[in-house]
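Data from final_32.txt: compact mmCIF, C-alpha atoms
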```txt
# COMPACT_ATOMS: atom_id res chain seq x y z
CA MET K 89 4.41 -39.51 -24.18
CA SER K 90 5.95 -36.40 -25.69
CA GLN K 91 9.73 -36.19 -25.91
CA LYS K 92 9.33 -32.69 -24.47
CA ALA K 93 8.07 -34.18 -21.18
CA ARG K 94 11.54 -34.46 -19.62
CA LEU K 95 10.24 -34.23 -16.06
CA THR K 96 8.44 -37.58 -16.38
CA ARG K 97 11.78 -39.39 -16.59
CA GLY K 98 14.82 -39.59 -14.33
CA SER K 99 15.34 -38.77 -10.66
CA ILE K 100 12.63 -36.71 -8.95
CA ALA K 101 15.18 -35.28 -6.51
CA GLY K 102 17.40 -34.34 -9.43
CA HIS K 103 14.52 -32.57 -11.18
CA LEU K 104 13.63 -30.70 -7.98
CA VAL K 105 17.20 -29.45 -7.63
CA ARG K 106 17.64 -28.56 -11.29
CA GLN K 107 14.30 -26.75 -11.46
CA THR K 108 14.42 -25.10 -8.05
CA VAL K 109 17.97 -23.72 -7.97
CA PRO K 110 17.42 -21.47 -11.01
CA MET K 111 14.02 -20.54 -9.59
CA ILE K 112 15.67 -19.46 -6.34
CA VAL K 113 18.00 -17.19 -8.27
CA GLY K 114 15.09 -15.82 -10.29
CA VAL K 115 12.82 -15.25 -7.29
CA THR K 116 15.71 -13.59 -5.45
CA ALA K 117 16.12 -11.25 -8.37
CA ILE K 118 12.41 -10.43 -8.42
CA MET K 119 12.19 -9.91 -4.67
CA SER K 120 15.26 -7.70 -4.73
CA ILE K 121 13.11 -5.07 -6.46
CA GLY K 122 11.09 -4.46 -3.29
CA LEU K 123 14.22 -4.42 -1.15
CA VAL K 124 16.01 -2.05 -3.53
CA ASP K 125 13.02 0.32 -3.52
CA ALA K 126 12.83 0.20 0.29
CA TYR K 127 16.58 0.73 0.71
CA PHE K 128 16.92 3.68 -1.62
CA THR K 129 13.67 5.38 -0.58
CA GLY K 130 14.94 5.04 2.99
CA TRP K 131 17.55 7.62 1.96
CA LEU K 132 14.75 10.12 1.41
CA GLY K 133 13.40 9.94 4.97
CA PRO K 134 11.09 7.99 7.34
CA THR K 135 7.92 9.31 5.67
CA GLU K 136 9.02 7.98 2.27
CA LEU K 137 9.99 4.64 3.84
CA ALA K 138 6.59 4.39 5.51
CA ALA K 139 4.98 5.22 2.14
CA MET K 140 6.79 2.23 0.62
CA SER K 141 5.38 0.09 3.45
CA PHE K 142 1.89 1.08 2.27
CA ILE K 143 2.84 0.48 -1.36
CA PHE K 144 4.47 -2.93 -0.85
CA PRO K 145 1.31 -5.00 -0.09
CA ALA K 146 -0.54 -3.35 -2.98
CA THR K 147 2.21 -3.97 -5.54
CA ALA K 148 2.64 -7.51 -4.22
CA ALA K 149 -1.07 -8.11 -4.72
CA LEU K 150 -0.86 -6.68 -8.23
CA SER K 151 2.19 -8.80 -9.00
CA SER K 152 0.15 -11.82 -7.93
CA LEU K 153 -1.93 -11.30 -11.06
CA GLY K 154 1.28 -12.10 -12.91
CA VAL K 155 1.70 -15.20 -10.78
CA GLY K 156 -1.81 -16.20 -11.81
CA VAL K 157 -1.07 -15.75 -15.50
CA MET K 158 2.16 -17.70 -15.07
CA ALA K 159 0.54 -20.49 -13.06
CA GLY K 160 -2.39 -20.85 -15.45
CA THR K 161 -0.17 -20.93 -18.50
CA SER K 162 2.32 -23.33 -16.91
CA SER K 163 -0.41 -25.67 -15.61
CA VAL K 164 -2.21 -26.10 -18.93
CA VAL K 165 0.93 -26.19 -21.08
CA SER K 166 2.78 -28.65 -18.79
CA ARG K 167 -0.16 -31.09 -18.73
CA ALA K 168 -0.48 -30.84 -22.52
CA ILE K 169 3.24 -31.57 -22.87
CA GLY K 170 2.98 -34.54 -20.49
CA ALA K 171 0.03 -35.93 -22.46
CA GLY K 172 1.89 -35.49 -25.76
CA GLU K 173 -0.58 -32.91 -27.14
CA ASP K 174 1.95 -30.56 -28.74
CA GLN K 175 -0.54 -28.49 -30.76
CA ARG K 176 -2.60 -27.72 -27.65
CA ALA K 177 0.59 -26.82 -25.80
CA HIS K 178 1.53 -24.27 -28.51
CA ARG K 179 -1.98 -22.80 -28.59
CA CYS K 180 -2.16 -22.39 -24.81
CA ALA K 181 1.33 -20.89 -24.70
CA ALA K 182 0.37 -18.17 -27.18
CA LEU K 183 -2.85 -17.56 -25.32
CA GLY K 184 -1.07 -17.18 -21.97
CA ILE K 185 1.25 -14.46 -23.27
CA VAL K 186 -1.55 -12.52 -25.00
CA LEU K 187 -3.77 -12.90 -21.94
CA GLY K 188 -1.05 -11.36 -19.78
CA LEU K 189 -0.75 -8.31 -22.02
CA VAL K 190 -4.52 -7.69 -22.29
CA THR K 191 -5.10 -8.16 -18.57
CA GLY K 192 -2.20 -5.87 -17.76
CA ILE K 193 -3.65 -3.06 -19.88
CA ALA K 194 -7.05 -3.34 -18.17
CA ILE K 195 -5.54 -3.30 -14.68
CA ALA K 196 -3.25 -0.40 -15.57
CA VAL K 197 -6.22 1.80 -16.51
CA LEU K 198 -8.05 1.01 -13.26
CA LEU K 199 -4.94 1.51 -11.15
CA ALA K 200 -4.12 4.87 -12.74
CA LEU K 201 -7.64 6.12 -12.02
CA LEU K 202 -8.22 4.68 -8.55
CA HIS K 203 -4.87 4.45 -6.72
CA ASP K 204 -5.55 7.47 -4.49
CA ASN K 205 -8.85 5.96 -3.36
CA LEU K 206 -7.21 2.60 -2.68
CA PHE K 207 -4.49 3.96 -0.42
CA GLY K 208 -6.91 6.38 1.22
CA LEU K 209 -8.91 3.36 2.36
CA MET K 210 -5.71 1.88 3.81
CA GLY K 211 -5.26 4.96 5.99
CA ALA K 212 -2.76 7.05 3.98
CA ASP K 213 -3.35 10.78 3.74
CA GLY K 214 -1.61 14.13 3.36
CA GLU K 215 2.10 14.01 2.55
CA MET K 216 2.10 10.22 2.75
CA LEU K 217 -0.55 9.95 0.05
CA ARG K 218 1.34 12.42 -2.15
CA HIS K 219 4.47 10.24 -2.03
CA ILE K 220 2.42 7.11 -2.76
CA SER K 221 0.74 8.74 -5.76
CA ALA K 222 4.09 9.86 -7.17
CA TYR K 223 5.15 6.18 -7.28
CA MET K 224 1.90 4.49 -8.29
CA LEU K 225 0.98 6.47 -11.43
CA PRO K 226 4.10 5.57 -13.44
CA TYR K 227 4.00 2.06 -11.95
CA ALA K 228 0.49 1.63 -13.36
CA LEU K 229 1.54 2.72 -16.84
CA GLY K 230 4.30 0.10 -16.99
CA PHE K 231 2.28 -2.70 -15.39
CA PRO K 232 1.22 -4.48 -18.65
CA LEU K 233 4.89 -5.34 -19.23
CA LEU K 234 4.99 -7.32 -15.98
CA LEU K 235 2.03 -9.51 -16.90
CA THR K 236 3.42 -10.10 -20.39
CA ILE K 237 6.69 -11.29 -18.83
CA SER K 238 4.66 -13.55 -16.55
CA GLY K 239 3.01 -15.24 -19.51
CA MET K 240 6.41 -15.84 -21.09
CA ASN K 241 7.78 -17.28 -17.85
CA GLY K 242 4.76 -19.59 -17.61
CA VAL K 243 5.60 -21.01 -21.04
CA LEU K 244 9.24 -21.52 -20.06
CA ARG K 245 8.43 -23.14 -16.72
CA ALA K 246 5.97 -25.57 -18.31
CA GLN K 247 8.82 -26.92 -20.45
CA GLY K 248 11.07 -27.30 -17.42
CA ALA K 249 13.25 -24.48 -18.80
CA ALA K 250 13.88 -23.02 -15.36
CA THR K 251 17.26 -21.56 -16.29
CA ARG K 252 15.82 -19.54 -19.17
CA SER K 253 12.99 -18.29 -16.98
CA THR K 254 15.54 -17.25 -14.40
CA MET K 255 17.55 -15.30 -16.97
CA VAL K 256 14.46 -13.21 -17.69
CA SER K 257 14.04 -12.39 -14.00
CA ILE K 258 17.73 -11.65 -13.49
CA THR K 259 17.90 -9.21 -16.39
CA PHE K 260 14.97 -7.07 -15.32
CA ALA K 261 16.03 -7.14 -11.65
CA ALA K 262 19.58 -6.11 -12.57
CA ALA K 263 18.27 -3.24 -14.67
CA ASN K 264 16.09 -2.17 -11.74
CA VAL K 265 19.05 -2.17 -9.34
CA ALA K 266 21.08 -0.04 -11.73
CA LEU K 267 18.33 2.43 -12.62
CA THR K 268 16.47 2.94 -9.32
CA PRO K 269 19.13 4.92 -7.39
CA LEU K 270 19.89 6.91 -10.54
CA PHE K 271 16.27 7.97 -11.01
CA ILE K 272 15.70 8.60 -7.29
CA ARG K 273 18.75 10.80 -6.69
CA GLY K 274 19.61 11.87 -10.22
CA GLY K 275 22.93 11.90 -12.02
CA PHE K 276 24.50 11.79 -15.49
CA GLY K 277 22.13 14.52 -16.64
CA ILE K 278 19.04 12.76 -15.23
CA PRO K 279 17.07 14.84 -12.68
CA ALA K 280 16.21 13.50 -9.20
CA PHE K 281 12.65 12.12 -9.29
CA GLY K 282 12.42 11.03 -5.63
CA MET K 283 9.66 8.48 -5.02
CA ALA K 284 8.69 8.44 -8.70
CA GLY K 285 12.26 7.42 -9.53
CA ALA K 286 11.76 4.05 -7.84
CA ALA K 287 8.86 3.36 -10.22
CA TYR K 288 10.86 4.52 -13.23
CA GLY K 289 13.65 2.11 -12.32
CA THR K 290 11.14 -0.75 -12.13
CA ILE K 291 9.65 0.11 -15.52
CA GLY K 292 13.10 0.18 -17.07
CA GLY K 293 13.72 -3.30 -15.72
CA TRP K 294 10.43 -4.55 -17.13
CA ILE K 295 11.29 -3.24 -20.59
CA VAL K 296 14.59 -5.15 -20.55
CA GLY K 297 12.91 -8.27 -19.13
CA ALA K 298 10.20 -8.32 -21.79
CA GLY K 299 12.78 -8.24 -24.57
CA VAL K 300 14.86 -11.02 -23.05
CA GLY K 301 11.73 -13.06 -22.27
CA LEU K 302 10.52 -13.02 -25.86
CA TRP K 303 13.97 -14.06 -27.05
CA MET K 304 14.10 -16.98 -24.59
CA VAL K 305 10.61 -18.19 -25.51
CA GLN K 306 11.42 -18.15 -29.21
CA LYS K 307 14.51 -20.28 -28.54
CA GLY K 308 12.45 -22.90 -26.66
CA GLU K 309 10.49 -25.95 -27.77
CA VAL K 310 7.16 -24.12 -27.41
CA PRO K 311 7.74 -20.73 -29.11
CA PHE K 312 5.25 -17.86 -29.23
CA ARG K 313 3.08 -18.33 -32.31
CA PRO K 314 0.17 -15.84 -32.37
CA ALA K 315 -1.21 -17.53 -35.49
CA MET K 316 -2.15 -20.53 -33.32
CA LEU K 317 -4.95 -18.43 -31.82
CA ALA K 318 -6.61 -18.13 -35.23
CA GLY K 319 -7.28 -21.87 -35.33
CA GLY K 320 -10.15 -23.76 -33.79
CA HIS K 321 -10.70 -24.54 -30.11
CA TRP K 322 -9.00 -21.37 -28.86
CA LEU K 323 -12.02 -20.56 -26.69
CA ALA K 324 -11.61 -23.92 -24.98
CA SER K 325 -7.98 -23.04 -24.36
CA VAL K 326 -9.05 -19.70 -22.86
CA ARG K 327 -11.29 -21.52 -20.41
CA GLN K 328 -8.54 -23.98 -19.51
CA VAL K 329 -6.01 -21.24 -18.78
CA LEU K 330 -8.48 -19.02 -16.91
CA ARG K 331 -9.72 -21.93 -14.81
CA VAL K 332 -6.29 -21.95 -13.18
CA ALA K 333 -5.13 -18.37 -13.80
CA LEU K 334 -8.05 -16.58 -12.15
CA PRO K 335 -8.08 -18.58 -8.89
CA ALA K 336 -4.26 -18.56 -8.83
CA ALA K 337 -4.19 -14.79 -9.23
CA PHE K 338 -6.64 -14.31 -6.38
CA THR K 339 -4.82 -16.93 -4.31
CA ASN K 340 -1.51 -15.13 -4.57
CA SER K 341 -3.11 -11.73 -4.01
CA ILE K 342 -4.83 -12.77 -0.80
CA ASN K 343 -1.69 -12.83 1.34
CA PRO K 344 -0.58 -9.32 0.27
CA ILE K 345 -4.15 -8.11 0.81
CA GLY K 346 -4.00 -9.63 4.28
CA LEU K 347 -0.72 -7.79 4.88
CA ALA K 348 -2.38 -4.57 3.69
CA VAL K 349 -5.10 -5.10 6.31
CA MET K 350 -2.41 -5.74 8.93
CA THR K 351 -0.69 -2.51 7.84
CA ALA K 352 -3.97 -0.65 8.30
CA PHE K 353 -4.24 -2.09 11.84
CA LEU K 354 -0.78 -0.69 12.59
CA ALA K 355 -1.38 2.71 10.97
CA GLY K 356 -2.80 4.12 14.20
CA ALA K 357 0.42 3.23 16.02
CA GLY K 358 2.45 5.69 13.92
CA GLU K 359 5.03 5.71 11.15
CA ALA K 360 7.60 3.69 13.12
CA ALA K 361 5.24 0.73 13.55
CA VAL K 362 4.27 0.76 9.86
CA GLY K 363 7.87 1.23 8.72
CA GLY K 364 9.14 -1.56 10.99
CA PHE K 365 6.44 -3.92 9.75
CA GLY K 366 7.40 -3.13 6.17
CA VAL K 367 11.11 -3.73 6.85
CA GLY K 368 10.39 -7.02 8.62
CA GLY K 369 8.11 -8.14 5.82
CA ARG K 370 10.75 -7.48 3.19
CA LEU K 371 13.35 -9.42 5.16
CA GLN K 372 10.88 -12.26 5.48
CA VAL K 373 10.24 -12.29 1.73
CA LEU K 374 13.98 -12.50 1.09
CA ALA K 375 14.39 -15.32 3.60
CA VAL K 376 11.66 -17.50 2.07
CA VAL K 377 12.99 -17.13 -1.48
CA PRO K 378 14.07 -20.81 -1.68
CA LEU K 379 10.57 -21.82 -0.59
CA LEU K 380 9.03 -19.56 -3.23
CA GLY K 381 11.40 -21.05 -5.82
CA LEU K 382 10.35 -24.55 -4.81
CA SER K 383 6.66 -23.65 -5.01
CA GLY K 384 7.29 -22.38 -8.54
CA SER K 385 9.13 -25.48 -9.71
CA ILE K 386 6.85 -28.08 -8.14
CA GLY K 387 4.01 -27.19 -10.53
CA ALA K 388 5.79 -28.26 -13.71
CA ILE K 389 7.05 -31.51 -12.12
CA VAL K 390 3.65 -32.47 -10.71
CA GLY K 391 1.82 -31.26 -13.83
CA GLN K 392 3.88 -33.23 -16.34
CA ASN K 393 3.80 -36.44 -14.29
CA TRP K 394 0.09 -36.13 -13.56
CA GLY K 395 -0.62 -35.45 -17.24
CA ALA K 396 1.45 -38.52 -18.15
CA GLY K 397 -0.51 -40.72 -15.71
CA MET K 398 2.32 -41.09 -13.16
CA PRO K 399 0.81 -40.11 -9.77
CA ASP K 400 3.48 -41.97 -7.79
CA ARG K 401 6.18 -39.66 -9.13
CA ALA K 402 4.01 -36.63 -8.35
CA ARG K 403 3.56 -37.82 -4.74
CA LEU K 404 7.28 -38.45 -4.33
CA ALA K 405 8.02 -34.92 -5.51
CA MET K 406 5.68 -33.52 -2.86
CA VAL K 407 7.25 -35.59 -0.06
CA GLN K 408 10.80 -34.58 -0.93
CA ALA K 409 9.85 -30.93 -1.40
CA GLY K 410 7.97 -30.92 1.91
CA ALA K 411 11.00 -32.21 3.78
CA PHE K 412 13.09 -29.39 2.35
CA CYS K 413 10.50 -26.81 3.44
CA VAL K 414 10.64 -27.97 7.06
CA VAL K 415 14.44 -28.12 7.32
CA TYR K 416 15.16 -24.91 5.47
CA GLY K 417 12.33 -22.99 7.14
CA LEU K 418 13.71 -23.70 10.61
CA ILE K 419 17.27 -22.78 9.62
CA ALA K 420 16.10 -19.48 8.08
CA ALA K 421 14.05 -18.68 11.18
CA LEU K 422 17.05 -19.17 13.47
CA ALA K 423 19.29 -17.04 11.25
CA LEU K 424 16.86 -14.10 11.05
CA TYR K 425 16.10 -14.27 14.75
CA ALA K 426 19.78 -14.20 15.63
CA GLY K 427 20.60 -11.29 13.29
CA ARG K 428 17.39 -9.29 13.69
CA GLY K 429 19.03 -6.21 15.18
CA TRP K 430 21.74 -5.82 12.55
CA LEU K 431 19.37 -6.56 9.70
CA ALA K 432 16.75 -4.02 10.81
CA ALA K 433 19.43 -1.34 11.18
CA GLN K 434 20.37 -1.68 7.50
CA PHE K 435 17.03 -0.15 6.47
CA SER K 436 16.61 2.66 8.97
CA ASP K 437 18.49 4.64 11.60
CA ASP K 438 15.29 5.46 13.50
CA PRO K 439 15.37 3.56 16.84
CA ALA K 440 11.59 3.11 16.98
CA THR K 441 11.45 1.68 13.46
CA ILE K 442 14.34 -0.69 14.23
CA ALA K 443 12.64 -1.87 17.42
CA ALA K 444 9.38 -2.56 15.57
CA ALA K 445 11.15 -4.56 12.86
CA MET K 446 13.06 -6.59 15.48
CA ARG K 447 9.88 -7.47 17.33
CA TYR K 448 8.25 -8.63 14.11
CA LEU K 449 11.21 -10.93 13.40
CA GLU K 450 11.12 -12.33 16.95
CA ILE K 451 7.61 -13.66 16.42
CA ALA K 452 6.82 -14.18 12.74
CA VAL K 453 9.91 -16.15 11.68
CA TRP K 454 8.77 -19.37 13.36
CA GLY K 455 6.09 -19.87 10.74
CA TYR K 456 8.43 -19.93 7.74
CA ALA K 457 8.56 -23.73 7.42
CA ALA K 458 4.77 -24.01 7.51
CA TYR K 459 4.42 -21.15 5.02
CA GLY K 460 6.68 -23.10 2.66
CA LEU K 461 4.40 -26.14 2.93
CA PHE K 462 1.39 -23.92 2.30
CA ILE K 463 2.65 -22.30 -0.91
CA MET K 464 4.09 -25.59 -2.18
CA GLY K 465 0.66 -27.18 -1.73
CA ASN K 466 -0.89 -24.31 -3.69
CA GLY K 467 1.60 -24.85 -6.50
CA ALA K 468 0.59 -28.52 -6.69
CA PHE K 469 -3.13 -27.70 -6.62
CA ASN K 470 -2.70 -25.32 -9.58
CA ALA K 471 -0.81 -27.99 -11.52
CA LEU K 472 -3.56 -30.54 -10.84
CA ASP K 473 -6.29 -28.16 -12.09
CA HIS K 474 -7.55 -27.67 -8.53
CA ALA K 475 -6.77 -23.97 -8.33
CA SER K 476 -10.09 -23.34 -6.58
CA THR K 477 -8.84 -25.43 -3.65
CA ALA K 478 -5.76 -23.23 -3.33
CA LEU K 479 -8.01 -20.17 -3.47
CA GLY K 480 -10.29 -21.51 -0.74
CA LEU K 481 -7.37 -22.30 1.55
CA SER K 482 -5.83 -18.88 1.03
CA LEU K 483 -9.11 -17.15 1.80
CA ALA K 484 -9.57 -19.22 4.94
CA ARG K 485 -6.01 -18.54 6.08
CA VAL K 486 -6.48 -14.77 5.93
CA LEU K 487 -10.20 -14.25 6.60
CA LEU K 488 -10.79 -16.98 9.18
CA VAL K 489 -7.45 -16.91 11.00
CA MET K 490 -5.17 -13.93 10.38
CA VAL K 491 -7.62 -11.00 10.39
CA PRO K 492 -9.92 -12.23 13.21
CA PHE K 493 -6.95 -13.06 15.47
CA ALA K 494 -5.40 -9.62 14.95
CA MET K 495 -8.71 -7.83 15.55
CA LEU K 496 -9.50 -9.85 18.67
CA PHE K 497 -6.15 -9.55 20.43
CA GLN K 498 -4.78 -6.19 19.25
CA PRO K 499 -6.45 -4.30 22.11
CA LEU K 500 -4.57 -6.57 24.55
CA TRP K 501 -1.25 -7.18 22.80
CA GLY K 502 -0.90 -4.25 20.43
CA ALA K 503 1.40 -4.88 17.45
CA ASP K 504 2.29 -8.33 18.78
CA ALA K 505 -1.23 -9.46 17.90
CA VAL K 506 -0.59 -8.61 14.23
CA TYR K 507 2.68 -10.57 14.22
CA GLY K 508 1.11 -13.49 16.08
CA ALA K 509 -1.81 -13.57 13.64
CA GLU K 510 0.59 -14.12 10.75
CA LEU K 511 2.40 -16.89 12.65
CA LEU K 512 -0.81 -18.76 13.50
CA ALA K 513 -2.16 -18.43 9.95
CA ASN K 514 1.03 -19.96 8.54
CA LEU K 515 1.06 -22.89 10.97
CA LEU K 516 -2.56 -23.84 10.36
CA GLY K 517 -2.37 -23.16 6.61
CA GLY K 518 0.68 -25.38 6.13
CA ALA K 519 -0.88 -28.32 7.97
CA VAL K 520 -4.19 -28.19 6.10
CA SER K 521 -2.56 -27.63 2.70
CA MET K 522 -0.33 -30.69 3.01
CA GLY K 523 -3.24 -32.86 4.15
CA LEU K 524 -5.37 -31.90 1.17
CA ALA K 525 -2.49 -32.24 -1.30
CA TRP K 526 -1.87 -35.79 -0.10
CA TYR K 527 -5.57 -36.54 -0.48
CA PHE K 528 -5.68 -35.35 -4.11
CA LEU K 529 -2.49 -37.15 -5.07
CA SER K 530 -3.39 -40.43 -3.34
CA HIS K 531 -7.13 -41.00 -3.10
CA ARG K 532 -8.02 -39.44 -6.43
CA ALA K 533 -5.32 -41.50 -8.15
CA LYS K 534 -6.71 -44.66 -6.56
CA ALA K 535 -10.22 -43.77 -7.68
CA ALA K 536 -9.02 -43.25 -11.24
CA ALA K 537 -7.21 -46.59 -11.18
CA ALA K 538 -10.33 -48.31 -9.90
CA ARG K 539 -12.44 -46.83 -12.72
CA GLN K 540 -9.91 -47.99 -15.29
CA GLY K 541 -9.99 -51.48 -13.76
CA THR K 542 -13.72 -51.70 -14.20
```
Go ahead and render the structure in this file as structure tokens.
Amino acid sequence: MSQKARLTRGSIAGHLVRQTVPMIVGVTAIMSIGLVDAYFTGWLGPTELAAMSFIFPATAALSSLGVGVMAGTSSVVSRAIGAGEDQRAHRCAALGIVLGLVTGIAIAVLLALLHDNLFGLMGADGEMLRHISAYMLPYALGFPLLLTISGMNGVLRAQGAATRSTMVSITFAAANVALTPLFIRGGFGIPAFGMAGAAYGTIGGWIVGAGVGLWMVQKGEVPFRPAMLAGGHWLASVRQVLRVALPAAFTNSINPIGLAVMTAFLAGAGEAAVGGFGVGGRLQVLAVVPLLGLSGSIGAIVGQNWGAGMPDRARLAMVQAGAFCVVYGLIAALALYAGRGWLAAQFSDDPATIAAAMRYLEIAVWGYAAYGLFIMGNGAFNALDHASTALGLSLARVLLVMVPFAMLFQPLWGADAVYGAELLANLLGGAVSMGLAWYFLSHRAKAAAARQGT
């Protein structure tokens, strides 16, 4: 067993706390970008705020490509560390960072060429589409930086270096908070760019984050060594990373795509309905940050222990993390439900938009605990090299539950059908995800033990 495999020793609960708390801070920093953009574009008017509601699911889906790169890199590197294969860990780490950069460049070209068509299909037109285009073109040009940062964070998370990964996220989020209002409204000799200014602030944050990320990786036990890719077996490493990265990217993009479809359902109800849905969704994202942090940390813990042949420790991590999801999810739901009016009013002074956001929070919040179980299960599946299972569950959650429910009941319930569809999808998804995770961690481990006994 490698001395780098720290997560295979000591208290599981202690590892969960030490890995998750920095992740919570880091995820909060990342999610603050969407809230900052929504808050400051809300200054510009209800049309600009509604434009950000169209943009949010698309950028979340694009960011999920970064989650895929991070998950694939972390999964392969953490299992290599747990198995004591240090050379393979270094090779896969270098590959994950380079893969992020190359993929980011390819996506940036497509996004720059096709963003008008994409948002036109979602129902945006006229002035709305003009505001969206002003944001998306510069966003596309800076996008490769995000995926490069994701590869670096995957390397750090695989080592259990959650604090260093968090520092990367904090630095680029802090830069975004400082730069976004400046670029939107202007000042200190900088002209007011309006909607485009929100994208410029994000790009500035990514530039800072990429520099800090490279520094943190080079200080770690698995530094970035491009020369490792010149050796043998790098194609095998590519396959290993992509086997997790591609399904993980699609898995994490499915929920934002589902939200984009829900936004399209609401587009006919007017700007207030779309704007309220966007505000409610951003508040939800902020509320589930601890659950997102836990889903990010569980992969390294499960991956290292599974790679080291310790399935009992991997199962214990899942049980303890699941209990946290249930307790925290219910507390967060109660808090958002109680403060829904005040919270919605912080993003808009339009009564119709506030009412729409409040209604969303009245219904959707009760699925937070189950959503936490769902994404935690996906994190474990990626770590166990069963990313295709996470992909299948995510597809089923959106295509077999969320979208059909909204389509069937919207004529009767209106916007409530969209909110109820999200609630039902979370409840069913959480239950099925936990059942399958327990199966993989229990029955497959028993089968492996039986084969070794014979």
(request) Write out as a PyMOL selection string each polymer residue whose atoms come within 12 Å of Ala458 of chain K, counting all atoms listed in the file; drop sequence neighbours fewer than 4 positions from it. (result) chain K and resi 376+379+410-418+421+452-454+462-465+510-522
Would you mind listing, for every residue of segment 144-200 of chain K within 7 Å of segment 343-366 of chain K, the two atoms forming the shortest contact and the distance between them in Å to one decimal, using all atoms listed in the file, sorted by chain and ascending residue number, as a Markdown table?
```
| residue | atom | partner | partner_atom | distance |
| --- | --- | --- | --- | --- |
| K:Pro145 | CA | K:Pro344 | CA | 4.7 |
| K:Ala146 | CA | K:Pro344 | CA | 6.8 |
| K:Ala148 | CA | K:Pro344 | CA | 5.8 |
| K:Ala149 | CA | K:Pro344 | CA | 5.2 |
```
(request) May I have the residues within 10 Å of Val377 of chain K as a VMD selection string, using only C-alpha atoms and disregarding those fewer than 4 positions away in the same chain? (result) chain K and resid 111 to 119 372 to 373 381 to 383 460
(request) Measuring atom to atom with all atoms listed in the file, identify which of K:Phe271, K:Phe260, K:Phe528, K:Phe207 is nearest to Ile121 of chain K. (result)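 The answer is K:Phe260, which sits nearest to Ile121 of chain K.
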(message) Need to verify the contact set: Gly293 of chain K, 7 Å, only C-alpha atoms, exclusion of same-chain residues closer than 5 positions in sequence. Can you return it as a list in words?
(response) Phe260, Ala261, Ala263 and Asn264 of chain K
Proximity check segment 183-244 of chain K to segment 285-289 of chain K, 12 Å, nearest pairs one decimal Å, all atoms listed in the file, as a Markdown table:
```
| residue | atom | partner | partner_atom | distance |
| --- | --- | --- | --- | --- |
| K:His219 | CA | K:Gly285 | CA | 11.2 |
| K:Ile220 | CA | K:Ala287 | CA | 10.5 |
| K:Ser221 | CA | K:Ala287 | CA | 10.7 |
| K:Ala222 | CA | K:Ala287 | CA | 8.6 |
| K:Tyr223 | CA | K:Ala287 | CA | 5.5 |
| K:Met224 | CA | K:Ala287 | CA | 7.3 |
| K:Leu225 | CA | K:Ala287 | CA | 8.6 |
| K:Pro226 | CA | K:Ala287 | CA | 6.2 |
| K:Tyr227 | CA | K:Ala287 | CA | 5.3 |
| K:Ala228 | CA | K:Ala287 | CA | 9.1 |
| K:Leu229 | CA | K:Ala287 | CA | 9.9 |
| K:Gly230 | CA | K:Tyr288 | CA | 8.8 |
| K:Phe231 | CA | K:Ala287 | CA | 10.3 |
```
(message) Need the shell around Asp473 of chain K: protein/DNA/RNA residues with any atom at most 8 Å away, counting all atoms listed in the file. Skip same-chain ones fewer than 6 positions apart. Format as a PyMOL selection string?
(response) chain K and resi 163+331-332
(request) Work out how far apart atom CA of Ala194 of chain K and atom CA of Met158 of chain K are and give it in Å to one decimal. (result) 17.3 Å
When you get a chance, write out N, CA and C atoms for segment 146-155 of chain K, as a short mmCIF file (atom, residue, chain, number, x, y, z; two decimals), in the frame of the given file.
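New file result.cif:
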```
data_model
loop_
_atom_site.label_atom_id
_atom_site.label_comp_id
_atom_site.auth_asym_id
_atom_site.auth_seq_id
_atom_site.Cartn_x
_atom_site.Cartn_y
_atom_site.Cartn_z
N ALA K 146 0.27 -3.58 -1.77
CA ALA K 146 -0.54 -3.35 -2.98
C ALA K 146 0.18 -3.84 -4.23
N THR K 147 1.48 -3.51 -4.35
CA THR K 147 2.21 -3.97 -5.54
C THR K 147 2.41 -5.48 -5.51
N ALA K 148 2.54 -6.05 -4.31
CA ALA K 148 2.64 -7.51 -4.22
C ALA K 148 1.35 -8.17 -4.67
N ALA K 149 0.22 -7.58 -4.28
CA ALA K 149 -1.07 -8.11 -4.72
C ALA K 149 -1.23 -7.99 -6.23
N LEU K 150 -0.79 -6.85 -6.79
CA LEU K 150 -0.86 -6.68 -8.23
C LEU K 150 0.07 -7.64 -8.95
N SER K 151 1.25 -7.85 -8.39
CA SER K 151 2.19 -8.80 -9.00
C SER K 151 1.62 -10.21 -8.98
N SER K 152 0.74 -10.49 -8.01
CA SER K 152 0.15 -11.82 -7.93
C SER K 152 -0.72 -12.11 -9.15
N LEU K 153 -1.22 -11.06 -9.80
CA LEU K 153 -1.93 -11.30 -11.06
C LEU K 153 -0.98 -11.93 -12.08
N GLY K 154 0.27 -11.48 -12.05
CA GLY K 154 1.28 -12.10 -12.91
C GLY K 154 1.53 -13.54 -12.53
N VAL K 155 1.54 -13.81 -11.23
CA VAL K 155 1.70 -15.20 -10.78
C VAL K 155 0.54 -16.05 -11.29
#
```
